[in-house]
$ cat protein-v3.csv   # CSV, C-alpha atoms
chain,number,residue,atom,x,y,z
A,85,MET,CA,0.0,0.0,0.0
A,86,SER,CA,1.4,3.4,-0.9
A,87,PRO,CA,2.1,6.1,1.7
A,88,ILE,CA,-0.8,8.2,0.3
A,89,SER,CA,-3.2,5.2,0.7
A,90,VAL,CA,-2.0,4.7,4.4
A,91,ARG,CA,-2.6,8.4,5.2
A,92,GLY,CA,-6.0,8.3,3.6
A,93,LEU,CA,-7.0,5.3,5.6
A,94,ALA,CA,-5.8,7.0,8.9
A,95,VAL,CA,-7.8,10.2,8.0
A,96,ALA,CA,-10.9,8.1,7.2
A,97,SER,CA,-10.6,6.1,10.4
A,98,ALA,CA,-10.3,9.2,12.6
A,99,SER,CA,-13.2,10.7,10.9
A,100,ALA,CA,-15.2,7.5,11.3
A,101,VAL,CA,-14.4,7.5,15.1
A,102,THR,CA,-15.8,11.0,15.3
A,103,ALA,CA,-18.9,10.0,13.5
A,104,VAL,CA,-19.6,7.0,15.8
A,105,GLY,CA,-18.9,9.3,18.7
A,106,SER,CA,-21.5,11.7,17.4
A,107,VAL,CA,-24.0,9.0,17.0
A,108,VAL,CA,-23.6,7.7,20.6
A,109,GLY,CA,-23.2,11.1,22.1
A,110,ALA,CA,-19.5,11.1,22.6
A,111,ALA,CA,-18.4,14.0,20.5
A,112,SER,CA,-15.2,15.6,21.7
A,113,PRO,CA,-15.7,18.6,24.1
A,114,GLY,CA,-15.3,22.0,22.5
A,115,THR,CA,-16.1,20.7,19.0
A,116,THR,CA,-18.6,22.8,17.3
A,117,HIS,CA,-20.6,21.7,14.2
A,118,THR,CA,-22.3,24.3,12.0
A,119,ASN,CA,-24.6,21.6,10.7
A,120,ASP,CA,-24.8,18.4,12.8
A,121,ALA,CA,-26.9,16.5,10.3
A,122,GLU,CA,-24.4,17.3,7.4
A,123,ALA,CA,-21.4,16.4,9.6
A,124,THR,CA,-22.9,13.1,10.7
A,125,ALA,CA,-23.8,12.2,7.1
A,126,ALA,CA,-20.3,13.0,5.9
A,127,ASP,CA,-18.6,11.1,8.7
A,128,SER,CA,-21.0,8.2,8.1
A,129,THR,CA,-19.9,8.1,4.5
A,130,LEU,CA,-16.3,8.0,5.5
A,131,LEU,CA,-17.0,5.1,7.9
A,132,ALA,CA,-18.9,3.3,5.1
A,133,ASP,CA,-15.8,3.6,2.8
A,134,LEU,CA,-13.8,1.5,5.2
A,135,PRO,CA,-13.6,-2.3,5.0
A,136,ALA,CA,-16.1,-4.1,7.3
A,137,GLY,CA,-13.4,-5.3,9.7
A,138,GLN,CA,-12.0,-1.8,10.1
A,139,GLN,CA,-15.5,-0.4,10.6
A,140,ALA,CA,-16.0,-2.8,13.5
A,141,GLN,CA,-12.7,-1.8,15.0
A,142,VAL,CA,-13.5,1.9,14.7
A,143,GLN,CA,-16.9,1.4,16.3
A,144,THR,CA,-15.5,-0.7,19.1
A,145,ALA,CA,-12.8,1.9,19.8
A,146,SER,CA,-15.4,4.6,20.0
A,147,LEU,CA,-17.7,2.7,22.3
A,148,THR,CA,-14.7,1.8,24.5
A,149,GLN,CA,-13.7,5.5,24.7
A,150,GLN,CA,-17.3,6.4,25.7
A,151,ALA,CA,-17.4,3.7,28.4
A,152,ASP,CA,-14.1,4.8,29.8
A,153,ALA,CA,-15.3,8.4,30.1
A,154,GLN,CA,-18.5,7.3,31.8
A,155,ALA,CA,-16.5,5.1,34.2
A,156,VAL,CA,-14.2,8.0,35.1
A,157,GLN,CA,-17.3,10.2,35.8
A,158,ALA,CA,-18.9,7.5,37.9
A,159,ASP,CA,-15.7,7.0,39.9
A,160,ALA,CA,-15.5,10.8,40.6
A,161,SER,CA,-19.1,10.9,41.7
A,162,ALA,CA,-18.6,7.9,44.0
A,163,ARG,CA,-15.5,9.5,45.6
A,164,LYS,CA,-17.4,12.7,46.2
A,165,ASP,CA,-20.3,10.8,47.8
A,166,ALA,CA,-17.9,8.8,50.0
A,167,GLU,CA,-16.1,12.0,51.1
A,168,GLN,CA,-19.4,13.7,52.0
A,169,ALA,CA,-20.5,10.6,54.0
A,170,ALA,CA,-17.2,10.4,55.8
A,171,ARG,CA,-17.4,14.1,56.8
A,172,LYS,CA,-21.0,13.6,58.0
A,173,ALA,CA,-20.1,10.6,60.1
A,174,ALA,CA,-17.1,12.4,61.6
A,175,ALA,CA,-19.3,15.3,62.6
A,176,GLU,CA,-21.9,13.0,64.1
A,177,THR,CA,-19.2,11.2,66.1
A,178,ALA,CA,-17.8,14.4,67.4
A,179,VAL,CA,-21.2,15.6,68.6
A,180,ALA,CA,-21.9,12.2,70.2
A,181,LYS,CA,-18.5,12.3,72.0
A,182,LYS,CA,-19.2,15.9,73.2
A,183,GLU,CA,-22.7,15.0,74.6
A,184,ALA,CA,-21.3,11.9,76.3
A,185,ALA,CA,-18.5,14.0,77.9
A,186,GLN,CA,-21.0,16.6,79.1
A,187,LYS,CA,-23.3,13.9,80.5
A,188,ALA,CA,-20.4,12.2,82.3
A,189,ALA,CA,-19.3,15.5,83.8
A,190,ALA,CA,-22.8,16.3,85.0
A,191,GLU,CA,-23.2,12.9,86.6
A,192,LYS,CA,-19.8,13.3,88.3
A,193,GLU,CA,-20.8,16.7,89.6
A,194,LYS,CA,-24.1,15.3,90.9
A,195,ALA,CA,-22.4,12.4,92.6
A,196,ALA,CA,-19.9,14.7,94.2
A,197,LYS,CA,-22.7,17.0,95.4
A,198,GLU,CA,-24.6,14.1,96.9
A,199,GLN,CA,-21.5,12.8,98.6
A,200,THR,CA,-20.9,16.2,100.1
A,201,GLU,CA,-24.5,16.5,101.3
A,202,ALA,CA,-24.3,13.0,102.8
A,203,LYS,CA,-21.2,13.9,104.7
A,204,THR,CA,-22.8,17.1,105.9
A,205,ALA,CA,-25.9,15.2,107.0
A,206,ALA,CA,-23.8,12.6,108.8
A,207,GLY,CA,-22.0,15.4,110.6
A,208,HIS,CA,-25.3,17.0,111.6
A,209,SER,CA,-26.7,13.7,112.8
A,210,SER,CA,-23.8,13.4,115.3
A,211,THR,CA,-24.6,16.8,116.8
A,212,VAL,CA,-24.6,16.5,120.6
A,213,VAL,CA,-27.3,18.6,122.4
A,214,PRO,CA,-27.0,19.2,126.1
A,215,ALA,CA,-30.1,17.8,127.9
A,216,LYS,CA,-32.5,20.4,129.4
A,217,SER,CA,-35.8,20.2,131.2
A,218,SER,CA,-37.4,22.5,128.6
A,219,TYR,CA,-36.6,24.2,125.4
A,220,THR,CA,-37.9,27.4,123.8
A,221,VAL,CA,-39.0,27.4,120.1
A,222,ALA,CA,-35.9,29.4,119.2
A,223,GLU,CA,-33.7,26.9,120.9
A,224,ILE,CA,-35.3,23.9,119.1
A,225,GLN,CA,-35.0,25.7,115.8
A,226,ALA,CA,-31.4,26.4,116.4
A,227,ILE,CA,-30.8,22.7,117.1
A,228,ALA,CA,-32.6,21.9,113.9
A,229,ARG,CA,-30.4,24.2,111.9
A,230,GLN,CA,-27.4,22.2,113.1
A,231,ILE,CA,-28.9,18.9,112.0
A,232,VAL,CA,-30.9,19.7,108.8
A,233,PRO,CA,-28.9,20.7,105.7
A,234,SER,CA,-29.2,24.5,105.1
A,235,GLY,CA,-30.8,24.1,101.7
A,236,GLN,CA,-33.5,21.8,103.2
A,237,PHE,CA,-34.1,23.7,106.4
A,238,GLN,CA,-37.0,25.9,105.3
A,239,CYS,CA,-39.0,23.0,103.9
A,240,PHE,CA,-38.3,21.0,107.1
A,241,SER,CA,-39.4,24.1,109.2
A,242,ASN,CA,-42.6,24.5,107.1
A,243,ILE,CA,-43.7,20.9,108.0
A,244,VAL,CA,-42.8,21.2,111.7
A,245,ASP,CA,-44.6,24.6,111.9
A,246,ARG,CA,-47.8,22.9,110.7
A,247,GLU,CA,-47.4,19.6,112.5
A,248,SER,CA,-46.5,20.7,116.0
A,249,GLY,CA,-45.6,24.4,116.1
A,250,TRP,CA,-42.2,23.4,117.3
A,251,ASN,CA,-43.6,21.9,120.5
A,252,MET,CA,-41.6,18.7,121.1
A,253,GLN,CA,-44.3,17.4,123.5
A,254,ALA,CA,-47.3,18.1,121.2
A,255,LEU,CA,-49.8,15.3,121.4
A,256,ASN,CA,-52.7,14.6,119.1
A,257,ALA,CA,-55.4,13.3,121.4
A,258,SER,CA,-57.4,11.6,118.7
A,259,SER,CA,-54.6,9.8,116.9
A,260,GLY,CA,-51.8,9.6,119.4
A,261,ALA,CA,-49.3,11.3,117.1
A,262,TYR,CA,-46.5,12.9,119.2
A,263,GLY,CA,-43.7,15.4,119.2
A,264,LEU,CA,-42.2,17.8,116.7
A,265,MET,CA,-42.8,15.5,113.8
A,266,GLN,CA,-46.1,14.1,115.1
A,267,ALA,CA,-44.7,10.5,114.7
A,268,LEU,CA,-47.4,7.9,114.9
A,269,PRO,CA,-47.0,6.2,117.2
A,270,GLY,CA,-44.6,8.3,119.2
A,271,TYR,CA,-42.2,5.5,120.1
A,272,LYS,CA,-41.0,5.5,116.5
A,273,TYR,CA,-38.5,8.2,117.7
A,274,ALA,CA,-36.7,5.5,119.7
A,275,SER,CA,-35.0,4.4,116.5
A,276,ALA,CA,-33.0,7.7,116.7
A,277,GLY,CA,-32.4,7.6,120.4
A,278,SER,CA,-33.9,6.5,123.7
A,279,ASP,CA,-34.1,10.1,125.0
A,280,TRP,CA,-36.8,11.0,122.4
A,281,HIS,CA,-39.2,12.2,125.2
A,282,THR,CA,-36.8,14.9,126.4
A,283,ASN,CA,-34.3,15.6,123.6
A,284,PRO,CA,-35.5,17.6,120.5
A,285,ALA,CA,-32.4,16.7,118.6
A,286,THR,CA,-33.5,13.0,118.7
A,287,GLN,CA,-36.9,13.9,117.3
A,288,ILE,CA,-35.4,16.1,114.6
A,289,LYS,CA,-32.9,13.4,113.6
A,290,TRP,CA,-35.7,10.9,113.3
A,291,GLY,CA,-37.8,13.4,111.3
A,292,LEU,CA,-35.0,14.2,108.9
A,293,ASN,CA,-34.3,10.5,108.3
A,294,TYR,CA,-38.0,9.8,107.7
A,295,MET,CA,-38.3,12.6,105.1
A,296,ASN,CA,-35.2,11.5,103.3
A,297,SER,CA,-36.1,7.8,103.2
A,298,GLN,CA,-39.8,8.3,102.3
A,299,TYR,CA,-39.6,11.3,100.0
A,300,GLY,CA,-35.9,11.9,99.1
A,301,SER,CA,-35.6,15.1,101.0
A,302,PRO,CA,-37.5,17.5,103.3
A,303,CYS,CA,-38.4,19.7,100.3
A,304,GLN,CA,-39.9,16.8,98.5
A,305,ALA,CA,-41.8,15.9,101.7
A,306,TRP,CA,-43.0,19.5,101.9
A,307,ALA,CA,-44.2,19.3,98.3
A,308,PHE,CA,-46.2,16.2,99.2
A,309,TRP,CA,-47.5,17.9,102.4
A,310,GLN,CA,-48.9,20.8,100.4
A,311,THR,CA,-51.1,18.5,98.3
A,312,HIS,CA,-52.2,16.1,101.0
A,313,HIS,CA,-51.8,18.1,104.2
A,314,ALA,CA,-49.9,15.2,105.7
A,315,TYR,CA,-46.7,13.4,105.1

$ encode --input "protein-v3.csv" --output "structure tokens"
Amino acid sequence: MSPISVRGLAVASASAVTAVGSVVGAASPGTTHTNDAEATAADSTLLADLPAGQQAQVQTASLTQQADAQAVQADASARKDAEQAARKAAAETAVAKKEAAQKAAAEKEKAAKEQTEAKTAAGHSSTVVPAKSSYTVAEIQAIARQIVPSGQFQCFSNIVDRESGWNMQALNASSGAYGLMQALPGYKYASAGSDWHTNPATQIKWGLNYMNSQYGSPCQAWAFWQTHHAY
């Protein structure tokens, strides 16, 4: 085959590839046709001029090129989606870790506060009050302030005000309830000390323990009292 024939075949093959690409939508970017119909017809004529075997090769090459381009585009899209998913997962993990840390810190603070209150209550419970034949309301309240945690004293006082008026020997003739806390029966105070008849501190300790065990605190007991007028 002469050099001119070889060159002509190469030109025809290139034109045919372009033609097939146009048919399947794979025309090269930036290529502008003034008349797509005429260009396609001309390129198709060039492709038809090639032997059948070469036509198949040209068509296969064109389709392979198109498939490769689509594969590259699909890979890029998949990478973009994967990067977005990774960023979203990282952000969600960071938020979850922050919330867990805040929750742990809050629980730690709560536990420390409860431990401090428990130690304070234990210290108050060990308060020693000198025995006297009688006590004024002010004296009994002062003793209570030594035993009841400061944040709970007002609630505790509200209940005692309404139950006995701070009279450690108050007796309900109809029910038999007795003392500052109106324990029923009165001998329940004995669990806090055998001197419950004469020592207001013993009655106060019993009352504080009762409120804590039954309601969680004097303020929770007071909340119950306001609804039921009893505790």

$ atom_distance --input "protein-v3.csv" --atom1 "CA of Asn293 (chain A)" --atom2 "CA of Ala190 (chain A)"
26.6 Å

$ residues_around --input "protein-v3.csv" --residues "Ser218 (chain A)" --least-positions-apart "2" --cutoff "12 Å" --atoms "all atoms listed in the file" --output "VMD selection string"
chain A and resid 214 to 216 220 to 224 251 to 253 281 to 284

$ atom_distance --input "protein-v3.csv" --atom1 "CA of Phe240 (chain A)" --atom2 "CA of Pro302 (chain A)"
5.2 Å

$ atom_distance --input "protein-v3.csv" --atom1 "CA of Leu264 (chain A)" --atom2 "CA of Ser278 (chain A)"
15.7 Å
